[in-house]
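Take a look at the structure set out below.
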Amino acid sequence: MNTSKPILQLENLCVNLGRKSIIEDINLSLNRGEIVSLIGPNGAGKTTLVRSVLGLLKPSRGRIKKQTGLRIGYMPQRLHLEKTIPLTVQRFLKMTQKTRDADINEVLKKVGAEHTAQRPMQEVSGGELQRILLARALLRKPQLLVLDEPAPVSYTHLR
């Protein structure tokens, strides 16, 4: 039995978009070290739930309680980059926070994408992009890692 406080707790969470109810009365308690998978058909509200947890969507009802100072690393299912902007992988990874090159190289190696560091983002493959987005999420040193539809890549070597 885990007696520690949850890092994330959802209480009767509901999200409506317009008049349509997307998710209703979701209750979830997530503790440190747990792995949770959201499974359901397309349109079931999985991404809506994730966006609510991230604070990108405001719930229509219910509460989201997060541990104070909770660092969340987020890997989106898609990323749209302007094709005409020259941006290397390394520069992309530096955009959201001050990060040392050594830390970027270490996390790229951890996800198996160290060979992409100096390549333009527009030239990486779909699988490489997934690894780069995972590296970006890991650079935050998250306490909660949220992966929205990750590609079927083995992440067991990240521990």
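Identifiers in this document derive from the order of the structure tokens: chains are assigned A, B, ..., residues are numbered from 1 separately in each chain, and ligands are numbered from 1 in order of occurrence.
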
Counting only C-alpha atoms, what is within 10 Å of range 111-120 of chain A, bar same-chain residues fewer than 5 positions away, as number ranges by chain?
-> A: 83, 85-93, 101, 104-106, 125, 127-135, 138, 153-158

Non-local contacts of Gly69 in chain A (12 Å; only C-alpha atoms; under 2 positions in same chain excluded) as a VMD selection string | chain A and resid 7 to 8 65 to 67 71 to 72 142 to 144

Pick from A:Gly126, A:Leu70, A:Ser60, A:Gln97: nearest to Arg19 in chain A, with only C-alpha atoms counted?
->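 Closest to Arg19 in chain A of all the choices is A:Ser60.
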
Could you tell me, as a list in words, which residues of range 17-150 of chain A DSSP assigns to strand (DSSP E) when given the backbone?
-> Leu17, Lys20, Ser21, Ile22, Ile23, Glu24, Asp25, Ile26, Asn27, Leu28, Ser29, Leu30, Arg61, Gly62, Arg63, Ile64, Lys65, Lys66, Ile72, Gly73, Tyr74, Met75, Leu144, Leu145, Val146 and Leu147 of chain A

Of the candidates A:Arg63, A:Lys58, A:Arg140, A:Lys110, which shows the shortest atom-to-atom distance to Lys98 in chain A, using only C-alpha atoms?
->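 That would be A:Arg140, the residue with the smallest distance to Lys98 in chain A.
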
Could you tell me, as a PyMOL selection string, which residues of chain A DSSP assigns to helix (DSSP H, G or I) when given the backbone?
-> chain A and resi 46-53+89-94+101-110+114-116+121-123+126-138+156-158

Extract, using only C-alpha atoms, all DNA, RNA and protein residues at most 12 Å from Arg51 in chain A, discarding same-chain residues fewer than 6 positions from it, and format them as number ranges by chain.
-> A: 15, 23, 45, 57-59, 64, 74-77, 146-148

Just all heavy atoms for this one: save the residues we selected as an mmCIF file, in the first residue's frame.
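The result, stored in result-v8.cif:
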```
data_model
loop_
_atom_site.group_PDB
_atom_site.id
_atom_site.type_symbol
_atom_site.label_atom_id
_atom_site.label_comp_id
_atom_site.auth_asym_id
_atom_site.auth_seq_id
_atom_site.Cartn_x
_atom_site.Cartn_y
_atom_site.Cartn_z
ATOM 1 N N VAL A 15 -14.705 17.604 -19.420
ATOM 2 C CA VAL A 15 -14.317 18.602 -20.412
ATOM 3 C C VAL A 15 -15.359 18.585 -21.523
ATOM 4 O O VAL A 15 -15.657 17.539 -22.098
ATOM 5 C CB VAL A 15 -12.912 18.327 -21.003
ATOM 6 C CG1 VAL A 15 -12.593 19.325 -22.113
ATOM 7 C CG2 VAL A 15 -11.844 18.363 -19.925
ATOM 8 N N ILE A 23 -14.996 14.304 -22.200
ATOM 9 C CA ILE A 23 -14.723 13.364 -21.111
ATOM 10 C C ILE A 23 -15.619 13.716 -19.928
ATOM 11 O O ILE A 23 -15.920 14.877 -19.685
ATOM 12 C CB ILE A 23 -13.231 13.336 -20.682
ATOM 13 C CG1 ILE A 23 -12.720 14.720 -20.309
ATOM 14 C CG2 ILE A 23 -12.370 12.727 -21.766
ATOM 15 C CD1 ILE A 23 -11.285 14.720 -19.802
ATOM 16 N N GLY A 45 -11.205 10.641 -26.163
ATOM 17 C CA GLY A 45 -10.873 11.714 -25.242
ATOM 18 C C GLY A 45 -9.517 11.590 -24.581
ATOM 19 O O GLY A 45 -9.205 12.338 -23.650
ATOM 20 N N LEU A 57 -6.071 22.792 -21.686
ATOM 21 C CA LEU A 57 -7.530 22.858 -21.771
ATOM 22 C C LEU A 57 -8.080 23.020 -20.366
ATOM 23 O O LEU A 57 -7.634 22.328 -19.445
ATOM 24 C CB LEU A 57 -8.107 21.561 -22.359
ATOM 25 C CG LEU A 57 -8.145 21.386 -23.852
ATOM 26 C CD1 LEU A 57 -8.707 20.013 -24.205
ATOM 27 C CD2 LEU A 57 -8.963 22.461 -24.522
ATOM 28 N N LYS A 58 -9.055 23.897 -20.231
ATOM 29 C CA LYS A 58 -9.670 24.104 -18.924
ATOM 30 C C LYS A 58 -10.836 23.125 -18.752
ATOM 31 O O LYS A 58 -11.717 23.053 -19.614
ATOM 32 C CB LYS A 58 -10.157 25.542 -18.798
ATOM 33 C CG LYS A 58 -10.675 25.859 -17.432
ATOM 34 C CD LYS A 58 -11.072 27.299 -17.313
ATOM 35 C CE LYS A 58 -11.554 27.511 -15.890
ATOM 36 N NZ LYS A 58 -12.284 28.725 -15.729
ATOM 37 N N PRO A 59 -10.845 22.400 -17.647
ATOM 38 C CA PRO A 59 -11.971 21.493 -17.405
ATOM 39 C C PRO A 59 -13.282 22.256 -17.257
ATOM 40 O O PRO A 59 -13.306 23.381 -16.746
ATOM 41 C CB PRO A 59 -11.606 20.809 -16.079
ATOM 42 C CG PRO A 59 -10.153 21.054 -15.887
ATOM 43 C CD PRO A 59 -9.832 22.325 -16.603
ATOM 44 N N ILE A 64 -8.185 19.302 -10.884
ATOM 45 C CA ILE A 64 -6.883 18.693 -11.145
ATOM 46 C C ILE A 64 -5.962 19.195 -10.051
ATOM 47 O O ILE A 64 -5.745 20.396 -9.919
ATOM 48 C CB ILE A 64 -6.326 19.096 -12.529
ATOM 49 C CG1 ILE A 64 -7.274 18.657 -13.635
ATOM 50 C CG2 ILE A 64 -4.921 18.505 -12.722
ATOM 51 C CD1 ILE A 64 -6.886 19.148 -15.016
ATOM 52 N N TYR A 74 6.601 16.514 -21.613
ATOM 53 C CA TYR A 74 5.523 16.154 -22.539
ATOM 54 C C TYR A 74 6.067 15.868 -23.924
ATOM 55 O O TYR A 74 6.823 16.650 -24.485
ATOM 56 C CB TYR A 74 4.509 17.301 -22.600
ATOM 57 C CG TYR A 74 3.441 17.134 -23.652
ATOM 58 C CD1 TYR A 74 2.607 16.022 -23.655
ATOM 59 C CD2 TYR A 74 3.266 18.092 -24.632
ATOM 60 C CE1 TYR A 74 1.623 15.878 -24.613
ATOM 61 C CE2 TYR A 74 2.268 17.963 -25.594
ATOM 62 C CZ TYR A 74 1.452 16.846 -25.579
ATOM 63 O OH TYR A 74 0.481 16.703 -26.528
ATOM 64 N N MET A 75 5.675 14.738 -24.467
ATOM 65 C CA MET A 75 6.027 14.364 -25.832
ATOM 66 C C MET A 75 4.737 14.329 -26.647
ATOM 67 O O MET A 75 3.919 13.432 -26.472
ATOM 68 C CB MET A 75 6.691 12.985 -25.845
ATOM 69 C CG MET A 75 7.152 12.560 -27.216
ATOM 70 S SD MET A 75 7.931 10.939 -27.122
ATOM 71 C CE MET A 75 7.047 10.105 -28.414
ATOM 72 N N PRO A 76 4.516 15.334 -27.515
ATOM 73 C CA PRO A 76 3.277 15.366 -28.297
ATOM 74 C C PRO A 76 3.265 14.274 -29.359
ATOM 75 O O PRO A 76 4.303 13.719 -29.723
ATOM 76 C CB PRO A 76 3.311 16.755 -28.946
ATOM 77 C CG PRO A 76 4.758 17.086 -29.036
ATOM 78 C CD PRO A 76 5.414 16.438 -27.840
ATOM 79 N N GLN A 77 2.077 13.992 -29.859
ATOM 80 C CA GLN A 77 1.984 12.969 -30.915
ATOM 81 C C GLN A 77 2.416 13.519 -32.268
ATOM 82 O O GLN A 77 2.823 12.760 -33.139
ATOM 83 C CB GLN A 77 0.583 12.373 -30.982
ATOM 84 C CG GLN A 77 -0.529 13.358 -31.217
ATOM 85 C CD GLN A 77 -1.883 12.683 -31.287
ATOM 86 O OE1 GLN A 77 -2.209 12.069 -32.300
ATOM 87 N NE2 GLN A 77 -2.665 12.794 -30.228
ATOM 88 N N VAL A 146 4.761 12.490 -19.813
ATOM 89 C CA VAL A 146 3.523 12.252 -20.548
ATOM 90 C C VAL A 146 3.873 12.042 -22.013
ATOM 91 O O VAL A 146 4.418 12.935 -22.663
ATOM 92 C CB VAL A 146 2.548 13.447 -20.396
ATOM 93 C CG1 VAL A 146 1.278 13.208 -21.200
ATOM 94 C CG2 VAL A 146 2.225 13.692 -18.928
ATOM 95 N N LEU A 147 3.550 10.864 -22.527
ATOM 96 C CA LEU A 147 3.824 10.518 -23.923
ATOM 97 C C LEU A 147 2.487 10.361 -24.634
ATOM 98 O O LEU A 147 1.728 9.456 -24.341
ATOM 99 C CB LEU A 147 4.620 9.203 -24.011
ATOM 100 C CG LEU A 147 5.870 9.096 -23.141
ATOM 101 C CD1 LEU A 147 6.484 7.707 -23.265
ATOM 102 C CD2 LEU A 147 6.875 10.155 -23.516
ATOM 103 N N ASP A 148 2.185 11.261 -25.560
ATOM 104 C CA ASP A 148 0.924 11.211 -26.296
ATOM 105 C C ASP A 148 1.140 10.430 -27.585
ATOM 106 O O ASP A 148 1.729 10.935 -28.535
ATOM 107 C CB ASP A 148 0.430 12.631 -26.584
ATOM 108 C CG ASP A 148 -1.010 12.666 -27.071
ATOM 109 O OD1 ASP A 148 -1.621 11.592 -27.250
ATOM 110 O OD2 ASP A 148 -1.532 13.773 -27.280
#
```

Record the distance separating CA of Leu139 in chain A and CA of Gln122 in chain A, expressed in Å with one decimal.
->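 Answer for the CA of Leu139 in chain A to CA of Gln122 in chain A separation: 21.0 Å.
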
Choose the residue, out of A:Asn42, A:Ser4, A:Gln9, A:Asn31, that has the smallest atom-to-atom separation from Glu149 in chain A; count only C-alpha atoms.
-> A:Asn42
